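Participant: If it helps, the file is called model25.txt and holds compact mmCIF, C-alpha atoms and all ligand atoms:
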```txt
# COMPACT_ATOMS: atom_id res chain seq x y z
CA MET A 1310 114.89 72.25 135.55
CA SER A 1311 114.10 75.98 135.67
CA LEU A 1312 112.34 77.60 132.71
CA ALA A 1313 115.06 80.29 132.45
CA LYS A 1314 117.58 77.55 131.64
CA THR A 1315 115.96 76.60 128.34
CA ASP A 1316 113.93 79.66 127.35
CA PRO A 1317 115.36 80.90 124.02
CA GLN A 1318 113.55 84.24 124.44
CA LEU A 1319 113.81 87.33 126.65
CA LEU A 1320 110.99 89.49 127.96
CA ARG A 1321 111.45 92.97 126.51
CA TYR A 1322 108.11 94.64 127.30
CA GLY A 1323 105.57 93.42 129.86
CA VAL A 1324 101.85 93.40 129.12
CA TRP A 1325 101.08 96.75 130.85
CA THR A 1326 103.94 98.49 129.06
CA ARG A 1327 102.66 97.21 125.71
CA LEU A 1328 99.08 98.16 126.49
CA LEU A 1329 100.16 101.68 127.52
CA HIS A 1330 102.35 102.05 124.45
CA TRP A 1331 99.61 101.04 122.00
CA LEU A 1332 96.99 103.21 123.72
CA VAL A 1333 99.37 106.19 123.48
CA ALA A 1334 100.16 105.29 119.86
CA ILE A 1335 96.47 105.03 118.84
CA SER A 1336 95.47 108.24 120.62
CA PHE A 1337 98.48 110.02 119.13
CA VAL A 1338 97.44 109.02 115.61
CA LEU A 1339 93.84 110.13 116.35
CA LEU A 1340 95.23 113.43 117.63
CA VAL A 1341 97.19 113.98 114.44
CA LEU A 1342 94.16 113.12 112.28
CA SER A 1343 91.85 115.42 114.26
CA GLY A 1344 94.44 118.24 114.54
CA LEU A 1345 95.61 118.48 110.92
CA PRO A 1346 92.26 119.86 109.57
CA PHE A 1347 92.70 122.92 111.84
CA PHE A 1348 96.25 123.37 110.64
CA HIS A 1349 95.54 123.52 106.92
CA PRO A 1350 92.33 123.32 104.79
CA PHE A 1351 94.02 120.64 102.66
CA PHE A 1352 93.26 118.19 105.51
CA TRP A 1353 89.66 119.38 106.02
CA SER A 1354 88.15 116.11 104.73
CA LEU A 1355 89.69 114.31 107.74
CA THR A 1356 86.96 115.88 109.90
CA GLY A 1357 84.64 113.31 108.28
CA LEU A 1358 86.36 110.62 110.35
CA PHE A 1359 85.16 112.25 113.57
CA GLY A 1360 81.58 113.11 112.61
CA GLY A 1361 82.17 116.56 111.08
CA PRO A 1362 84.12 119.76 111.91
CA THR A 1363 82.31 120.58 115.17
CA MET A 1364 82.76 117.11 116.62
CA THR A 1365 86.42 117.12 115.54
CA ARG A 1366 86.94 120.46 117.32
CA ILE A 1367 85.28 119.11 120.47
CA LEU A 1368 87.10 115.75 120.45
CA HIS A 1369 90.64 116.91 119.68
CA PRO A 1370 91.43 118.45 123.11
CA TRP A 1371 89.84 115.54 125.00
CA ILE A 1372 91.91 113.01 123.04
CA GLY A 1373 94.94 115.22 123.81
CA LEU A 1374 94.19 115.16 127.53
CA PHE A 1375 93.67 111.36 127.47
CA MET A 1376 96.91 110.80 125.53
CA SER A 1377 98.91 113.11 127.84
CA LEU A 1378 97.77 111.25 130.96
CA LEU A 1379 98.71 107.88 129.47
CA PHE A 1380 101.94 109.36 128.16
CA VAL A 1381 102.98 110.36 131.71
CA LEU A 1382 102.56 106.74 132.85
CA MET A 1383 104.48 105.46 129.84
CA ALA A 1384 107.24 108.07 130.29
CA ILE A 1385 107.70 106.97 133.93
CA ARG A 1386 108.01 103.32 132.81
CA PHE A 1387 110.64 104.16 130.18
CA PHE A 1388 112.52 106.82 132.19
CA LYS A 1389 115.42 104.74 133.57
CA GLU A 1390 116.23 102.98 130.32
CA SER A 1391 116.15 106.27 128.41
CA LEU A 1392 118.92 108.00 130.41
CA PHE A 1393 121.93 108.76 128.22
CA LYS A 1394 125.17 106.88 128.94
CA ARG A 1395 128.70 107.45 127.65
CA HIS A 1396 128.39 104.78 124.92
CA ASP A 1397 125.25 106.51 123.57
CA VAL A 1398 127.28 109.59 122.67
CA GLN A 1399 129.70 107.40 120.72
CA TRP A 1400 126.71 105.69 118.98
CA LEU A 1401 125.44 109.11 117.87
CA LYS A 1402 128.89 110.11 116.62
CA GLN A 1403 128.85 106.98 114.45
CA ILE A 1404 125.40 107.67 113.00
CA ASP A 1405 126.78 107.08 109.48
CA ASP A 1406 127.71 103.50 110.52
CA VAL A 1407 124.18 103.09 111.93
CA LEU A 1408 122.58 104.26 108.68
CA ALA A 1409 124.90 102.11 106.58
CA ASN A 1410 124.05 99.02 108.68
CA ARG A 1411 127.70 98.61 109.78
CA ASP A 1412 126.56 97.13 113.10
CA GLU A 1413 129.92 95.45 113.80
CA LYS A 1414 131.57 98.91 114.09
CA LEU A 1415 129.06 100.27 116.62
CA PRO A 1416 129.71 100.63 120.36
CA PRO A 1417 127.73 98.37 122.74
CA VAL A 1418 124.01 99.13 123.06
CA GLY A 1419 121.86 98.81 126.20
CA LYS A 1420 118.12 98.13 126.30
CA ASN A 1421 117.56 101.12 124.02
CA ASN A 1422 119.94 102.70 121.55
CA ALA A 1423 120.67 106.44 121.48
CA GLY A 1424 118.15 106.98 118.66
CA GLN A 1425 115.36 105.40 120.71
CA LYS A 1426 116.41 107.52 123.69
CA LEU A 1427 116.28 110.68 121.58
CA VAL A 1428 112.71 109.84 120.51
CA TYR A 1429 111.79 109.49 124.18
CA TRP A 1430 113.28 112.88 125.17
CA VAL A 1431 111.87 114.75 122.19
CA MET A 1432 108.40 113.34 122.97
CA LEU A 1433 108.88 114.18 126.65
CA LEU A 1434 109.55 117.77 125.63
CA CYS A 1435 106.74 117.96 123.06
CA VAL A 1436 103.81 116.27 124.84
CA PRO A 1437 103.67 118.48 127.99
CA LEU A 1438 104.21 121.65 125.91
CA LEU A 1439 101.51 120.55 123.44
CA LEU A 1440 99.18 119.99 126.38
CA ILE A 1441 99.90 123.39 127.95
CA SER A 1442 99.60 125.29 124.65
CA GLY A 1443 96.45 123.32 123.79
CA VAL A 1444 94.78 124.07 127.12
CA LEU A 1445 95.57 127.79 126.72
CA MET A 1446 93.57 127.74 123.46
CA TRP A 1447 90.78 125.45 124.67
CA GLN A 1448 87.49 127.23 124.02
CA PRO A 1449 85.06 127.69 125.63
CA LEU A 1450 86.57 125.83 128.63
CA VAL A 1451 89.75 127.87 129.21
CA GLY A 1452 90.58 129.92 126.13
CA GLU A 1453 88.33 132.93 126.78
CA GLU A 1454 90.05 133.67 130.11
CA VAL A 1455 93.46 133.80 128.40
CA PRO A 1456 94.75 137.10 126.89
CA ILE A 1457 94.59 137.05 123.10
CA THR A 1458 98.36 137.56 122.63
CA LEU A 1459 99.11 134.51 124.79
CA ARG A 1460 96.49 132.50 122.88
CA ARG A 1461 98.14 133.47 119.58
CA LEU A 1462 101.58 132.49 120.90
CA ALA A 1463 100.15 129.20 122.16
CA SER A 1464 98.59 128.55 118.77
CA MET A 1465 101.89 129.13 116.96
CA GLY A 1466 103.86 127.03 119.46
CA HIS A 1467 101.26 124.25 119.24
CA ALA A 1468 101.72 124.02 115.47
CA TYR A 1469 105.55 123.93 115.63
CA LEU A 1470 105.54 121.35 118.44
CA ALA A 1471 103.01 119.19 116.60
CA PHE A 1472 105.24 119.33 113.51
CA LEU A 1473 108.28 118.21 115.56
CA ALA A 1474 106.29 115.42 117.26
CA ILE A 1475 104.89 114.15 113.93
CA ILE A 1476 108.36 114.06 112.31
CA THR A 1477 109.69 112.26 115.41
CA LEU A 1478 106.85 109.75 115.23
CA ILE A 1479 107.53 109.09 111.54
CA ILE A 1480 111.21 108.43 112.36
CA HIS A 1481 110.12 106.20 115.27
CA ILE A 1482 107.79 104.11 113.09
CA TYR A 1483 110.38 103.93 110.31
CA SER A 1484 113.05 102.59 112.70
CA GLY A 1485 110.55 100.06 114.00
CA ILE A 1486 110.10 98.79 110.44
CA TRP A 1487 113.82 99.03 109.64
CA VAL A 1488 115.03 96.98 112.62
CA LYS A 1489 113.29 93.67 111.94
CA GLY A 1490 111.86 92.09 115.07
CA SER A 1491 111.04 95.43 116.80
CA PHE A 1492 107.32 95.22 116.09
CA GLN A 1493 107.22 91.68 117.41
CA ALA A 1494 108.87 93.00 120.59
CA MET A 1495 106.12 95.59 121.11
CA VAL A 1496 103.31 93.22 120.07
CA ARG A 1497 104.27 89.96 121.80
CA GLY A 1498 106.66 91.42 124.38
CA ARG A 1499 109.32 88.75 123.85
CA VAL A 1500 112.36 88.67 121.59
CA SER A 1501 114.80 85.94 120.69
CA LYS A 1502 118.13 85.95 122.52
CA ALA A 1503 119.87 86.15 119.16
CA TRP A 1504 117.94 89.37 118.34
CA ALA A 1505 118.78 90.84 121.74
CA ARG A 1506 122.48 90.00 121.37
CA HIS A 1507 122.62 91.46 117.88
CA HIS A 1508 120.77 94.74 118.53
CA HIS A 1509 121.17 95.36 122.27
CA ASP A 1510 124.29 93.48 123.38
CA LEU A 1511 124.68 95.22 126.78
CA TRP A 1512 121.05 94.54 127.66
CA TYR A 1513 121.50 90.91 126.54
CA GLU A 1514 124.55 90.57 128.86
CA GLU A 1515 122.59 92.07 131.79
CA GLU A 1516 119.70 89.66 131.22
CA MET A 1517 122.09 86.70 130.95
CA GLU A 1518 123.72 87.75 134.22
CA LYS A 1519 120.26 87.83 135.88
CA GLU A 1520 119.53 84.37 134.47
CA ARG A 1521 122.87 83.04 135.79
CA LYS A 1522 122.16 84.42 139.29
CA HIS A 1523 118.64 83.03 139.19
CA ARG A 1524 119.95 79.58 138.19
CA GLU A 1525 122.59 79.70 140.93
CA ILE A 1526 119.97 80.53 143.58
CA SER A 1527 117.62 77.73 142.46
CA ARG A 1528 120.58 75.28 142.31
CA ARG A 1529 121.52 76.14 145.93
CA HIS A 1530 117.89 75.87 146.94
CA GLU A 1531 117.60 72.42 145.34
CA SER A 1532 120.80 71.13 146.98
CA ARG A 1533 119.67 72.40 150.43
CA LYS A 1534 116.36 70.58 149.94
CA GLY A 1535 118.29 67.42 149.07
CA GLU A 1536 120.40 67.69 152.28
CA SER A 1537 117.45 68.09 154.69
CA PRO A 1538 116.18 64.79 156.22
C1 LIG B 1601 101.56 104.19 115.30
C2 LIG B 1601 102.43 104.63 116.14
C3 LIG B 1601 103.58 103.85 116.76
C4 LIG B 1601 104.21 102.69 116.35
C5 LIG B 1601 103.91 101.88 115.11
C6 LIG B 1601 105.24 102.40 117.32
C7 LIG B 1601 106.10 101.30 117.30
C8 LIG B 1601 107.01 100.95 118.29
C9 LIG B 1601 107.84 99.76 118.31
C10 LIG B 1601 107.85 98.71 117.23
C11 LIG B 1601 108.61 99.79 119.43
C12 LIG B 1601 109.63 98.72 119.90
C13 LIG B 1601 111.04 99.09 119.51
C14 LIG B 1601 112.08 98.10 120.05
O1 LIG B 1601 111.91 97.57 121.13
O2 LIG B 1601 113.10 97.92 119.37
C15 LIG B 1601 108.28 101.01 120.13
C16 LIG B 1601 108.85 101.42 121.31
C17 LIG B 1601 108.60 102.63 121.93
N1 LIG B 1601 107.67 103.57 121.53
FE1 LIG B 1601 106.46 103.46 119.92
N2 LIG B 1601 105.22 103.36 118.28
C18 LIG B 1601 104.23 104.28 117.97
C19 LIG B 1601 103.87 105.41 118.66
C20 LIG B 1601 104.56 105.89 119.76
C21 LIG B 1601 104.29 107.16 120.39
C22 LIG B 1601 103.21 108.14 119.95
C23 LIG B 1601 105.19 107.27 121.41
C24 LIG B 1601 105.37 108.42 122.37
C25 LIG B 1601 104.71 109.53 122.35
C26 LIG B 1601 106.01 106.08 121.43
C27 LIG B 1601 107.02 105.82 122.32
C28 LIG B 1601 107.77 104.67 122.38
C29 LIG B 1601 108.81 104.42 123.36
C30 LIG B 1601 109.25 105.38 124.49
C31 LIG B 1601 109.32 103.13 123.08
C32 LIG B 1601 110.47 102.40 123.82
C33 LIG B 1601 111.81 102.83 123.33
C34 LIG B 1601 111.93 102.71 121.84
O3 LIG B 1601 111.97 101.60 121.33
O4 LIG B 1601 111.92 103.77 121.19
N3 LIG B 1601 105.60 105.27 120.41
N4 LIG B 1601 107.30 101.68 119.41
```
If you took the structure in this file and wrote it as C-alpha cells, what would it be?
Ligand code: HEM
Facilitator:
Amino acid sequence: MSLAKTDPQLLRYGVWTRLLHWLVAISFVLLVLSGLPFFHPFFWSLTGLFGGPTMTRILHPWIGLFMSLLFVLMAIRFFKESLFKRHDVQWLKQIDDVLANRDEKLPPVGKNNAGQKLVYWVMLLCVPLLLISGVLMWQPLVGEEVPITLRRLASMGHAYLAFLAIITLIIHIYSGIWVKGSFQAMVRGRVSKAWARHHHDLWYEEEMEKERKHREISRRHESRKGESP
C-alpha cells in the first residue's frame, strides 16, 4: 500500500523553503531592531542589543545585504504560487467576508490567498528598493561617492519603504496567528487535509489529483509486476 493512500497530511513547505523563510524572518526582525534607533531617538536603547550605537551602525547594512540575498532565493521559490489569478480579484472584492470569517461565501483559494500574494508583492517591491537606497547611503563604503542630494532622497525613501515593509510584516504575522494552523505549516511543513480543504480548497483539489495519479501509476506498476513470469 502506498503511503499517499493513507497519509492524512499534505506537504505545504519543504525543509529548504522553511529554513529560508525563517532565516529571512529572523534577519528582517534584526534589521528592524537595528534600523529603528537611526529613525527616531525614542528607539535609541535598542542599540544596546547590538553592542552599542557604532556596532549597530556597522551591522545594519550587512544584515540588510544578507537578508536581501536570502530574500531573492525565497522570492524565486514563492514566485509561481504568488501570481494573481481571476479568483484572487474576487477574493479581494469580498474582503469584508474575509474579515468577518464568512469563509463559505468566499471564492475558491489556491495554495495562497490574495492577501498572502499581496504580502509577497509588497515585499518584492520593498526589499530591492530598501537595498538600493541603503547602499546609496552606506558610509564609508559607498555613501561618500554619492551626491548629497541623492543620499538625502535615498534616506527619505528608505524610511518610507521601511515603514511600508514593517506594516506589511505586522499584517503578515497577524494573519499567521489569525488563521490557526498556519504557524504549524511553516514550522513542521505539513498540514492536515482538512485544513487544506478549508483554507485552500483549489490547492487541496490539485494535491488530491496528484495523489490519484500517483496511486494509479503505482497500481498499474503493481499489476504489471504480477503479470510477469
Ligand atoms: C517574524 C516574522 C515572520 C513570521 C512570524 C512569519 C510567519 C509566516 C507563516 C506562519 C507563514 C505560513 C502561512 C500559511 O501557509 O498559511 C508564512 C508564509 C510566508 N512568509 Fe512569513 N513570517 C515572518 C516573516 C516574513 C518575512 C520578513 C517575509 C518576507 C520578506 C515573509 C514572507 C513569507 C511568504 C512569501 C510566505 C508564503 C506565502 C504566505 O503565506 O504569505 N515572512 N510566514
Participant: Write out as a count of residues only each polymer residue whose atoms come within 12 Å of A:Leu1473, counting all atoms listed in the file; drop sequence neighbours fewer than 3 positions from it.
Facilitator: 20
Participant: Which residues sit within 7 Å of ligand LIG 1601 (chain B), counting all atoms listed in the file, listed as a ChimeraX atom specification?
Facilitator: /A:1330-1331,1333-1335,1337-1338,1380,1384,1387,1421,1425-1426,1428-1429,1432,1478,1481-1482,1485,1491-1492,1494-1495
Participant: With a distance cut-off of 12 Å and all atoms listed in the file, select the neighbouring residues of stretch 1360-1364 of chain A, excluding the residue or stretch itself and same-chain residues fewer than 3 positions from it, and output the selection as a PDB file with C-alpha atoms, in the frame of the given file.
Facilitator:
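New file around-v4.pdb:
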```pdb
ATOM      1  CA  SER A1343      91.850 115.420 114.260  1.00  0.00           C
ATOM      2  CA  GLY A1344      94.440 118.240 114.540  1.00  0.00           C
ATOM      3  CA  LEU A1345      95.610 118.480 110.920  1.00  0.00           C
ATOM      4  CA  PRO A1346      92.260 119.860 109.570  1.00  0.00           C
ATOM      5  CA  PHE A1347      92.700 122.920 111.840  1.00  0.00           C
ATOM      6  CA  PRO A1350      92.330 123.320 104.790  1.00  0.00           C
ATOM      7  CA  PHE A1352      93.260 118.190 105.510  1.00  0.00           C
ATOM      8  CA  TRP A1353      89.660 119.380 106.020  1.00  0.00           C
ATOM      9  CA  SER A1354      88.150 116.110 104.730  1.00  0.00           C
ATOM     10  CA  LEU A1355      89.690 114.310 107.740  1.00  0.00           C
ATOM     11  CA  THR A1356      86.960 115.880 109.900  1.00  0.00           C
ATOM     12  CA  GLY A1357      84.640 113.310 108.280  1.00  0.00           C
ATOM     13  CA  ILE A1367      85.280 119.110 120.470  1.00  0.00           C
ATOM     14  CA  LEU A1368      87.100 115.750 120.450  1.00  0.00           C
ATOM     15  CA  HIS A1369      90.640 116.910 119.680  1.00  0.00           C
ATOM     16  CA  PRO A1370      91.430 118.450 123.110  1.00  0.00           C
ATOM     17  CA  TRP A1371      89.840 115.540 125.000  1.00  0.00           C
ATOM     18  CA  ILE A1372      91.910 113.010 123.040  1.00  0.00           C
TER      19      ILE A1372
END
```
Participant: Using all atoms listed in the file, which residues sit within 9 Å of stretch 1391-1401 of chain A once same-chain residues fewer than 4 positions away are excluded, as a list in words?
Facilitator: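 Result of the neighbour search: Phe1387, Asp1405, Asp1406, Val1407, Leu1415, Pro1416, Pro1417, Val1418, Gly1419, Lys1420, Asn1421, Asn1422, Ala1423, Gly1424, Gln1425, Lys1426, Leu1427, Tyr1429 and Trp1430 of chain A.
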Participant: Find the residues around stretch 1448-1454 of chain A up to 12 Å (only C-alpha atoms counted), leave out those fewer than 2 positions away in its own chain, and share them as an MDAnalysis selection string.
Facilitator: chainID A and resid 1366:1367 1369:1371 1441:1446 1456:1461 1463:1464
Participant: Give the answer as one residue: which of A:Ser1484, A:Ser1377, A:Gln1318, A:Asn1410 has the shortest atom-to-atom distance to A:Leu1440, using all atoms listed in the file?
Facilitator: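 Under the stated criterion, the closest residue is A:Ser1377.
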Participant: What's the separation between atom CA of A:Trp1487 and atom CA of A:Arg1321, in Å to one decimal place?
Facilitator: 18.1 Å
Participant: Out of A:Ala1505, A:Arg1497, A:Lys1519, A:Trp1512, which residue has the shortest atom-to-atom distance to A:Pro1317 when counting only C-alpha atoms?
Facilitator: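 Ranking A:Ala1505, A:Arg1497, A:Lys1519, A:Trp1512 by distance to A:Pro1317, first place goes to A:Ala1505.
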Participant: Ranking A:Leu1342, A:Val1500, A:Ala1409, A:Val1381 by minimum distance to A:Ile1475 and counting only C-alpha atoms, which one comes first?
Facilitator: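 For A:Ile1475, the nearest of the candidates is A:Leu1342.
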